[in-house]
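Shown below: model-v5.cif, with mmCIF, C-alpha atoms and all ligand atoms.
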data_entry
#
loop_
_atom_site.group_PDB
_atom_site.id
_atom_site.type_symbol
_atom_site.label_atom_id
_atom_site.label_comp_id
_atom_site.auth_asym_id
_atom_site.auth_seq_id
_atom_site.Cartn_x
_atom_site.Cartn_y
_atom_site.Cartn_z
ATOM 1 C CA MET A 23 0.572 -36.752 3.142
ATOM 2 C CA LEU A 24 -0.251 -37.830 -0.401
ATOM 3 C CA ASN A 25 1.299 -34.838 -2.126
ATOM 4 C CA SER A 26 4.324 -34.330 0.147
ATOM 5 C CA GLN A 27 6.845 -34.664 -2.703
ATOM 6 C CA ARG A 28 5.134 -32.292 -5.105
ATOM 7 C CA ASN A 29 5.882 -28.589 -5.263
ATOM 8 C CA ALA A 30 2.979 -27.937 -7.630
ATOM 9 C CA PRO A 31 -0.408 -29.675 -7.779
ATOM 10 C CA ASN A 32 -1.589 -32.296 -10.246
ATOM 11 C CA ILE A 33 -4.992 -31.601 -11.773
ATOM 12 C CA LEU A 34 -7.271 -34.009 -13.637
ATOM 13 C CA ILE A 35 -9.547 -32.451 -16.255
ATOM 14 C CA THR A 36 -12.112 -35.010 -17.339
ATOM 15 C CA GLY A 37 -15.520 -35.290 -19.024
ATOM 16 C CA THR A 38 -17.228 -36.643 -22.130
ATOM 17 C CA PRO A 39 -15.410 -36.001 -25.451
ATOM 18 C CA GLY A 40 -16.247 -32.515 -26.749
ATOM 19 C CA VAL A 41 -16.900 -30.812 -23.400
ATOM 20 C CA GLY A 42 -13.779 -28.677 -23.792
ATOM 21 C CA LYS A 43 -11.022 -30.482 -21.894
ATOM 22 C CA SER A 44 -8.248 -29.737 -24.388
ATOM 23 C CA LEU A 45 -9.160 -26.108 -24.799
ATOM 24 C CA MET A 46 -9.296 -25.546 -21.059
ATOM 25 C CA SER A 47 -6.100 -27.521 -20.401
ATOM 26 C CA ARG A 48 -4.248 -25.479 -23.001
ATOM 27 C CA MET A 49 -5.461 -22.201 -21.528
ATOM 28 C CA LEU A 50 -4.513 -23.339 -18.026
ATOM 29 C CA SER A 51 -1.052 -24.393 -19.143
ATOM 30 C CA GLU A 52 -0.557 -20.940 -20.673
ATOM 31 C CA LYS A 53 -1.706 -19.091 -17.563
ATOM 32 C CA THR A 54 0.099 -21.191 -14.952
ATOM 33 C CA ASP A 55 3.453 -22.985 -14.763
ATOM 34 C CA LEU A 56 1.671 -26.352 -14.917
ATOM 35 C CA LYS A 57 2.304 -28.677 -17.852
ATOM 36 C CA TRP A 58 -0.526 -30.115 -19.958
ATOM 37 C CA VAL A 59 -0.460 -33.898 -20.409
ATOM 38 C CA ASP A 60 -2.798 -34.860 -23.254
ATOM 39 C CA VAL A 61 -3.273 -38.560 -22.431
ATOM 40 C CA SER A 62 -4.624 -39.579 -25.848
ATOM 41 C CA LYS A 63 -1.593 -37.977 -27.498
ATOM 42 C CA LEU A 64 0.789 -39.552 -24.979
ATOM 43 C CA ALA A 65 -0.756 -42.983 -25.627
ATOM 44 C CA THR A 66 -0.063 -42.607 -29.352
ATOM 45 C CA GLU A 67 3.473 -41.274 -28.852
ATOM 46 C CA ASN A 68 4.397 -44.031 -26.372
ATOM 47 C CA ALA A 69 2.922 -46.808 -28.554
ATOM 48 C CA CYS A 70 0.234 -47.706 -25.998
ATOM 49 C CA LEU A 71 -2.466 -48.395 -28.587
ATOM 50 C CA ASP A 72 -3.230 -52.001 -29.544
ATOM 51 C CA GLU A 73 -5.644 -53.480 -32.101
ATOM 52 C CA PHE A 74 -8.467 -51.506 -33.757
ATOM 53 C CA ASP A 75 -11.988 -51.783 -32.290
ATOM 54 C CA GLU A 76 -14.419 -51.793 -35.234
ATOM 55 C CA GLU A 77 -17.467 -50.929 -33.126
ATOM 56 C CA TYR A 78 -15.950 -47.840 -31.521
ATOM 57 C CA GLN A 79 -13.735 -46.963 -34.479
ATOM 58 C CA CYS A 80 -10.662 -46.488 -32.322
ATOM 59 C CA ARG A 81 -7.674 -48.481 -31.121
ATOM 60 C CA VAL A 82 -7.660 -50.313 -27.769
ATOM 61 C CA LEU A 83 -5.529 -48.764 -25.041
ATOM 62 C CA ASP A 84 -2.740 -50.676 -23.261
ATOM 63 C CA GLU A 85 -3.573 -49.157 -19.877
ATOM 64 C CA GLU A 86 -0.708 -50.677 -17.905
ATOM 65 C CA LYS A 87 1.908 -49.416 -20.340
ATOM 66 C CA LEU A 88 0.362 -45.948 -20.366
ATOM 67 C CA LEU A 89 0.201 -45.708 -16.559
ATOM 68 C CA ASN A 90 3.775 -46.960 -16.128
ATOM 69 C CA GLY A 91 4.935 -44.334 -18.588
ATOM 70 C CA MET A 92 3.105 -41.586 -16.690
ATOM 71 C CA GLU A 93 4.265 -42.474 -13.162
ATOM 72 C CA ASN A 94 7.458 -40.398 -13.111
ATOM 73 C CA LEU A 95 5.769 -37.427 -14.757
ATOM 74 C CA MET A 96 3.015 -37.432 -12.153
ATOM 75 C CA ASN A 97 5.423 -37.809 -9.246
ATOM 76 C CA GLU A 98 7.115 -34.579 -10.343
ATOM 77 C CA GLY A 99 3.829 -32.689 -9.803
ATOM 78 C CA GLY A 100 2.614 -29.665 -11.735
ATOM 79 C CA LYS A 101 0.682 -31.607 -14.376
ATOM 80 C CA ILE A 102 -2.703 -30.968 -15.978
ATOM 81 C CA VAL A 103 -3.977 -34.341 -17.153
ATOM 82 C CA ASP A 104 -6.702 -34.245 -19.801
ATOM 83 C CA TYR A 105 -8.607 -37.507 -20.372
ATOM 84 C CA HIS A 106 -12.152 -38.662 -21.105
ATOM 85 C CA SER A 107 -12.191 -41.190 -18.283
ATOM 86 C CA ALA A 108 -11.717 -40.696 -14.561
ATOM 87 C CA GLU A 109 -11.287 -44.245 -13.300
ATOM 88 C CA LEU A 110 -8.096 -45.165 -15.112
ATOM 89 C CA PHE A 111 -5.586 -43.366 -12.880
ATOM 90 C CA PRO A 112 -4.344 -44.006 -9.322
ATOM 91 C CA GLU A 113 -6.133 -41.790 -6.793
ATOM 92 C CA ARG A 114 -2.831 -40.613 -5.264
ATOM 93 C CA TRP A 115 -1.843 -38.806 -8.473
ATOM 94 C CA PHE A 116 -4.338 -35.940 -8.159
ATOM 95 C CA ASP A 117 -4.913 -33.030 -5.808
ATOM 96 C CA ILE A 118 -8.113 -31.941 -7.534
ATOM 97 C CA VAL A 119 -10.438 -33.244 -10.255
ATOM 98 C CA PHE A 120 -12.607 -31.139 -12.562
ATOM 99 C CA VAL A 121 -15.431 -32.756 -14.510
ATOM 100 C CA LEU A 122 -16.475 -30.517 -17.391
ATOM 101 C CA ARG A 123 -20.143 -30.639 -18.388
ATOM 102 C CA THR A 124 -21.952 -29.369 -21.483
ATOM 103 C CA ASP A 125 -25.657 -29.221 -22.340
ATOM 104 C CA ASN A 126 -26.605 -32.059 -24.672
ATOM 105 C CA THR A 127 -27.702 -29.935 -27.606
ATOM 106 C CA ILE A 128 -24.472 -27.933 -27.528
ATOM 107 C CA LEU A 129 -22.377 -31.075 -27.169
ATOM 108 C CA TYR A 130 -24.240 -32.707 -30.058
ATOM 109 C CA ASP A 131 -23.311 -29.823 -32.356
ATOM 110 C CA ARG A 132 -19.671 -29.863 -31.230
ATOM 111 C CA LEU A 133 -19.333 -33.612 -31.847
ATOM 112 C CA LYS A 134 -21.094 -33.414 -35.233
ATOM 113 C CA GLU A 135 -18.667 -30.667 -36.159
ATOM 114 C CA ARG A 136 -15.842 -33.011 -35.185
ATOM 115 C CA GLY A 137 -17.222 -35.604 -37.612
ATOM 116 C CA TYR A 138 -18.772 -37.995 -35.079
ATOM 117 C CA CYS A 139 -21.887 -39.834 -36.270
ATOM 118 C CA GLY A 140 -23.946 -42.985 -35.643
ATOM 119 C CA LYS A 141 -23.176 -45.075 -32.567
ATOM 120 C CA LYS A 142 -20.123 -43.063 -31.596
ATOM 121 C CA LEU A 143 -22.132 -39.830 -31.516
ATOM 122 C CA GLU A 144 -25.072 -41.429 -29.668
ATOM 123 C CA ASP A 145 -22.851 -43.142 -27.098
ATOM 124 C CA ASN A 146 -21.078 -39.897 -26.253
ATOM 125 C CA ILE A 147 -24.343 -37.980 -25.892
ATOM 126 C CA ASP A 148 -25.697 -40.774 -23.649
ATOM 127 C CA CYS A 149 -22.492 -40.615 -21.616
ATOM 128 C CA GLU A 150 -23.163 -36.923 -20.944
ATOM 129 C CA ILE A 151 -26.910 -37.421 -20.246
ATOM 130 C CA PHE A 152 -26.193 -40.164 -17.696
ATOM 131 C CA GLN A 153 -23.309 -38.152 -16.163
ATOM 132 C CA THR A 154 -21.163 -41.243 -16.489
ATOM 133 C CA ILE A 155 -17.819 -39.483 -16.049
ATOM 134 C CA LEU A 156 -19.034 -37.465 -13.064
ATOM 135 C CA GLU A 157 -20.158 -40.679 -11.338
ATOM 136 C CA GLU A 158 -16.853 -42.341 -12.240
ATOM 137 C CA ALA A 159 -14.918 -39.417 -10.779
ATOM 138 C CA LYS A 160 -16.921 -39.486 -7.534
ATOM 139 C CA GLU A 161 -16.296 -43.221 -7.205
ATOM 140 C CA SER A 162 -12.583 -42.914 -7.949
ATOM 141 C CA TYR A 163 -11.613 -39.882 -5.811
ATOM 142 C CA ARG A 164 -12.623 -38.308 -2.509
ATOM 143 C CA GLU A 165 -15.839 -36.419 -3.239
ATOM 144 C CA GLU A 166 -14.494 -33.177 -1.782
ATOM 145 C CA ILE A 167 -11.804 -32.919 -4.472
ATOM 146 C CA VAL A 168 -14.235 -33.574 -7.368
ATOM 147 C CA HIS A 169 -15.778 -30.451 -8.911
ATOM 148 C CA GLU A 170 -18.299 -30.182 -11.724
ATOM 149 C CA LEU A 171 -17.844 -27.204 -14.074
ATOM 150 C CA MET A 172 -20.271 -26.110 -16.799
ATOM 151 C CA SER A 173 -18.523 -25.487 -20.127
ATOM 152 C CA ASN A 174 -21.236 -24.332 -22.540
ATOM 153 C CA SER A 175 -19.768 -20.982 -23.501
ATOM 154 C CA LEU A 176 -16.425 -19.242 -23.805
ATOM 155 C CA GLU A 177 -17.499 -16.977 -20.970
ATOM 156 C CA GLN A 178 -17.953 -19.943 -18.661
ATOM 157 C CA LEU A 179 -14.617 -21.294 -19.840
ATOM 158 C CA ALA A 180 -12.840 -18.049 -18.954
ATOM 159 C CA ASP A 181 -14.492 -18.017 -15.502
ATOM 160 C CA ASN A 182 -13.474 -21.623 -14.892
ATOM 161 C CA VAL A 183 -9.876 -20.936 -15.884
ATOM 162 C CA LEU A 184 -9.729 -17.971 -13.535
ATOM 163 C CA VAL A 185 -11.061 -19.962 -10.583
ATOM 164 C CA ILE A 186 -8.599 -22.804 -11.206
ATOM 165 C CA CYS A 187 -5.651 -20.377 -11.483
ATOM 166 C CA GLN A 188 -6.627 -18.944 -8.097
ATOM 167 C CA TRP A 189 -6.894 -22.443 -6.658
ATOM 168 C CA VAL A 190 -3.366 -23.287 -7.950
ATOM 169 C CA GLU A 191 -1.913 -20.174 -6.287
ATOM 170 C CA GLN A 192 -3.629 -21.044 -3.016
ATOM 171 C CA TRP A 193 -2.399 -24.643 -3.204
ATOM 172 C CA LYS A 194 1.179 -23.395 -3.500
ATOM 173 C CA ILE A 195 0.768 -21.160 -0.454
ATOM 174 C CA ASP A 196 -0.793 -23.981 1.571
ATOM 175 C CA ASN A 197 1.826 -26.524 0.516
ATOM 176 C CA GLN A 198 4.998 -24.425 0.695
ATOM 177 C CA GLN A 199 8.041 -26.581 1.423
ATOM 178 C CA ASN A 200 10.033 -25.240 4.369
HETATM 179 P P1 LIG B 301 -12.452 -32.242 -25.510
HETATM 180 O O1 LIG B 301 -10.979 -32.069 -25.309
HETATM 181 O O2 LIG B 301 -13.199 -32.366 -24.227
HETATM 182 O O3 LIG B 301 -12.806 -33.353 -26.458
HETATM 183 P P2 LIG B 301 -12.241 -29.752 -26.981
HETATM 184 O O4 LIG B 301 -11.431 -28.907 -26.065
HETATM 185 O O5 LIG B 301 -11.536 -30.377 -28.136
HETATM 186 O O6 LIG B 301 -13.020 -30.895 -26.171
HETATM 187 O O7 LIG B 301 -13.479 -28.868 -27.480
HETATM 188 C C1 LIG B 301 -14.395 -29.334 -28.463
HETATM 189 C C2 LIG B 301 -14.835 -28.154 -29.321
HETATM 190 O O8 LIG B 301 -15.636 -27.278 -28.548
HETATM 191 C C3 LIG B 301 -13.680 -27.302 -29.844
HETATM 192 O O9 LIG B 301 -14.014 -26.841 -31.111
HETATM 193 C C4 LIG B 301 -13.581 -26.163 -28.849
HETATM 194 O O10 LIG B 301 -13.075 -24.991 -29.435
HETATM 195 C C5 LIG B 301 -15.050 -25.977 -28.454
HETATM 196 N N1 LIG B 301 -15.204 -25.560 -27.051
HETATM 197 C C6 LIG B 301 -14.618 -26.117 -25.979
HETATM 198 N N2 LIG B 301 -15.024 -25.535 -24.841
HETATM 199 C C7 LIG B 301 -15.909 -24.582 -25.209
HETATM 200 C C8 LIG B 301 -16.677 -23.627 -24.469
HETATM 201 N N3 LIG B 301 -16.626 -23.562 -23.127
HETATM 202 N N4 LIG B 301 -17.486 -22.787 -25.166
HETATM 203 C C9 LIG B 301 -17.552 -22.875 -26.512
HETATM 204 N N5 LIG B 301 -16.843 -23.747 -27.253
HETATM 205 C C10 LIG B 301 -16.029 -24.591 -26.620
#
Written as structure tokens, that's how I'd like the structure from this file.
Amino acid sequence: MLNSQRNAPNILITGTPGVGKSLMSRMLSEKTDLKWVDVSKLATENACLDEFDEEYQCRVLDEEKLLNGMENLMNEGGKIVDYHSAELFPERWFDIVFVLRTDNTILYDRLKERGYCGKKLEDNIDCEIFQTILEEAKESYREEIVHELMSNSLEQLADNVLVICQWVEQWKIDNQQN
């Protein structure tokens, strides 16, 4: 079995920037004993960022270095991984994948608030319109472990957190080590 060595599940929280991955991951890490792995932060801390890309106004990721650095963490289990791409990671790392979704107008306002503009803003809105990350997730993992969650309001966020907490508890019961 893929997860035989883990005593707690690994969860991937993905979606377009601004859909609420960090906020939800933080809340989940507070309400469960799972640990939040903010991949963008980890990439910076582990010096996995290469030269600056002028077009996208961000630095290029050294994917191999990042993944090597994450391997041991993921093998331990009990991690909530928060990242804006679903195709980067090995399939075996995750027991469940949540793709957060937000209505375009709401997402637009959130990204504007964050200071995004021009091509970066447009590209991210397009990414959400074309459900790019959802498609990526379905191509990268078994469809039955990929779940789409709406994240327009704080109410929806609270409901989502509750459902995931219940899922974590059930996973532990189903995967108890004897
Ligand atoms: P991401 O990690 O996906 O880029 P964040 O968690 O940083 O997104 O959220 C972007 C902004 O939207 C933050 O200001 C956050 O407080 C807000 N936000 C996130 N989720 C929701 C939600 N479900 N309802 C309302 N505001 C939200």
Residue list as a CSV table (one decimal) with C-alpha atoms, in the frame of the given file for point (-14.7, -26.4, -26.5), cut-off 10 Å, only C-alpha atoms:
chain,number,residue,atom,x,y,z
A,39,PRO,CA,-15.4,-36.0,-25.5
A,40,GLY,CA,-16.2,-32.5,-26.7
A,41,VAL,CA,-16.9,-30.8,-23.4
A,42,GLY,CA,-13.8,-28.7,-23.8
A,43,LYS,CA,-11.0,-30.5,-21.9
A,44,SER,CA,-8.2,-29.7,-24.4
A,45,LEU,CA,-9.2,-26.1,-24.8
A,46,MET,CA,-9.3,-25.5,-21.1
A,124,THR,CA,-22.0,-29.4,-21.5
A,128,ILE,CA,-24.5,-27.9,-27.5
A,129,LEU,CA,-22.4,-31.1,-27.2
A,132,ARG,CA,-19.7,-29.9,-31.2
A,173,SER,CA,-18.5,-25.5,-20.1
A,174,ASN,CA,-21.2,-24.3,-22.5
A,175,SER,CA,-19.8,-21.0,-23.5
A,176,LEU,CA,-16.4,-19.2,-23.8
A,179,LEU,CA,-14.6,-21.3,-19.8
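With the shown file loaded, the PyMOL selection byres (((chain A and resi 114) around 12) and not hetatm) picks out A:Met23, A:Leu24, A:Asn25, A:Ser26, A:Gln27, A:Arg28, A:Pro31, A:Asn32, A:Ile33, A:Leu34, A:Glu93, A:Met96, A:Asn97, A:Gly99, A:Phe111, A:Pro112, A:Glu113, A:Trp115, A:Phe116, A:Asp117, A:Ile118, A:Val119, A:Ser162, A:Tyr163, A:Arg164, A:Ile167.
Closest to ligand LIG 301 (chain B) among A:Glu76, A:Asp60, A:Asp148, A:Asp84 is A:Asp60, based on only C-alpha atoms and all ligand atoms.
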List all protein, DNA and RNA residues that have an atom no more than 12 Å from any atom of ligand LIG 301 (chain B), counting only C-alpha atoms and all ligand atoms, and report them as a PyMOL selection string. chain A and resi 35-50+58-63+103-107+120-125+128-138+146+150+155+171-183
Write out the residues from the selection above, keeping C-alpha atoms, as a compact mmCIF listing (two decimals), keeping the file's coordinate frame.
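Generated file (result-v2.txt):
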# COMPACT_ATOMS: atom_id res chain seq x y z
CA ILE A 35 -9.55 -32.45 -16.26
CA THR A 36 -12.11 -35.01 -17.34
CA GLY A 37 -15.52 -35.29 -19.02
CA THR A 38 -17.23 -36.64 -22.13
CA PRO A 39 -15.41 -36.00 -25.45
CA GLY A 40 -16.25 -32.52 -26.75
CA VAL A 41 -16.90 -30.81 -23.40
CA GLY A 42 -13.78 -28.68 -23.79
CA LYS A 43 -11.02 -30.48 -21.89
CA SER A 44 -8.25 -29.74 -24.39
CA LEU A 45 -9.16 -26.11 -24.80
CA MET A 46 -9.30 -25.55 -21.06
CA SER A 47 -6.10 -27.52 -20.40
CA ARG A 48 -4.25 -25.48 -23.00
CA MET A 49 -5.46 -22.20 -21.53
CA LEU A 50 -4.51 -23.34 -18.03
CA TRP A 58 -0.53 -30.12 -19.96
CA VAL A 59 -0.46 -33.90 -20.41
CA ASP A 60 -2.80 -34.86 -23.25
CA VAL A 61 -3.27 -38.56 -22.43
CA SER A 62 -4.62 -39.58 -25.85
CA LYS A 63 -1.59 -37.98 -27.50
CA VAL A 103 -3.98 -34.34 -17.15
CA ASP A 104 -6.70 -34.24 -19.80
CA TYR A 105 -8.61 -37.51 -20.37
CA HIS A 106 -12.15 -38.66 -21.10
CA SER A 107 -12.19 -41.19 -18.28
CA PHE A 120 -12.61 -31.14 -12.56
CA VAL A 121 -15.43 -32.76 -14.51
CA LEU A 122 -16.48 -30.52 -17.39
CA ARG A 123 -20.14 -30.64 -18.39
CA THR A 124 -21.95 -29.37 -21.48
CA ASP A 125 -25.66 -29.22 -22.34
CA ILE A 128 -24.47 -27.93 -27.53
CA LEU A 129 -22.38 -31.08 -27.17
CA TYR A 130 -24.24 -32.71 -30.06
CA ASP A 131 -23.31 -29.82 -32.36
CA ARG A 132 -19.67 -29.86 -31.23
CA LEU A 133 -19.33 -33.61 -31.85
CA LYS A 134 -21.09 -33.41 -35.23
CA GLU A 135 -18.67 -30.67 -36.16
CA ARG A 136 -15.84 -33.01 -35.18
CA GLY A 137 -17.22 -35.60 -37.61
CA TYR A 138 -18.77 -37.99 -35.08
CA ASN A 146 -21.08 -39.90 -26.25
CA GLU A 150 -23.16 -36.92 -20.94
CA ILE A 155 -17.82 -39.48 -16.05
CA LEU A 171 -17.84 -27.20 -14.07
CA MET A 172 -20.27 -26.11 -16.80
CA SER A 173 -18.52 -25.49 -20.13
CA ASN A 174 -21.24 -24.33 -22.54
CA SER A 175 -19.77 -20.98 -23.50
CA LEU A 176 -16.42 -19.24 -23.80
CA GLU A 177 -17.50 -16.98 -20.97
CA GLN A 178 -17.95 -19.94 -18.66
CA LEU A 179 -14.62 -21.29 -19.84
CA ALA A 180 -12.84 -18.05 -18.95
CA ASP A 181 -14.49 -18.02 -15.50
CA ASN A 182 -13.47 -21.62 -14.89
CA VAL A 183 -9.88 -20.94 -15.88
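Distance check against A:Met92 using all atoms listed in the file: of A:Ala69, A:Val185, A:Leu64, A:Cys80, the minimum falls on A:Leu64.
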Min atom-atom distance to A:Val190 from the set A:Thr127, A:Asn90, A:Thr54, A:Asn68, counting all atoms listed in the file, belongs to A:Thr54
### Message
Can you spell out as a list in words the set of residues that the PyMOL selection byres (((chain A and resi 192-197) around 8) and not hetatm) selects in the structure I just provided?
### Response
Asn29, Ala30, Pro31, Gln188, Trp189, Val190, Glu191, Gln198 and Gln199 of chain A
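In this structure, atom CA of A:Glu161 sits 23.4 Å away from atom CA of A:Val82.
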Taken to one decimal, the atom CA of A:Glu109-atom CA of A:Leu156 distance is 10.3 Å
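Here atom CA of A:Thr154 and atom CA of A:Leu89 stand 21.8 Å from one another.
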A:Glu144 proximity check over A:Gly91, A:Glu157, A:Asn126, A:Gly100, using all atoms listed in the file: winner is A:Asn126
Starting from the shown file, work through the PyMOL selection byres (((chain A and resi 79) around 12) and not hetatm) and note down what comes out as a PyMOL selection string.
chain A and resi 73-78+80-82+138-143
All file atoms of stretch 98-109 of chain A boxed axis-aligned, 3 Å per side, centre plus edges, as JSON:
{"center_x": -2.5, "center_y": -37.0, "center_z": -15.5, "size_x": 25.3, "size_y": 20.6, "size_z": 17.3}
Closest of A:Ala159, A:Leu88, A:Ile102, A:Leu110 to A:Asp72, counting all atoms listed in the file, is A:Leu88
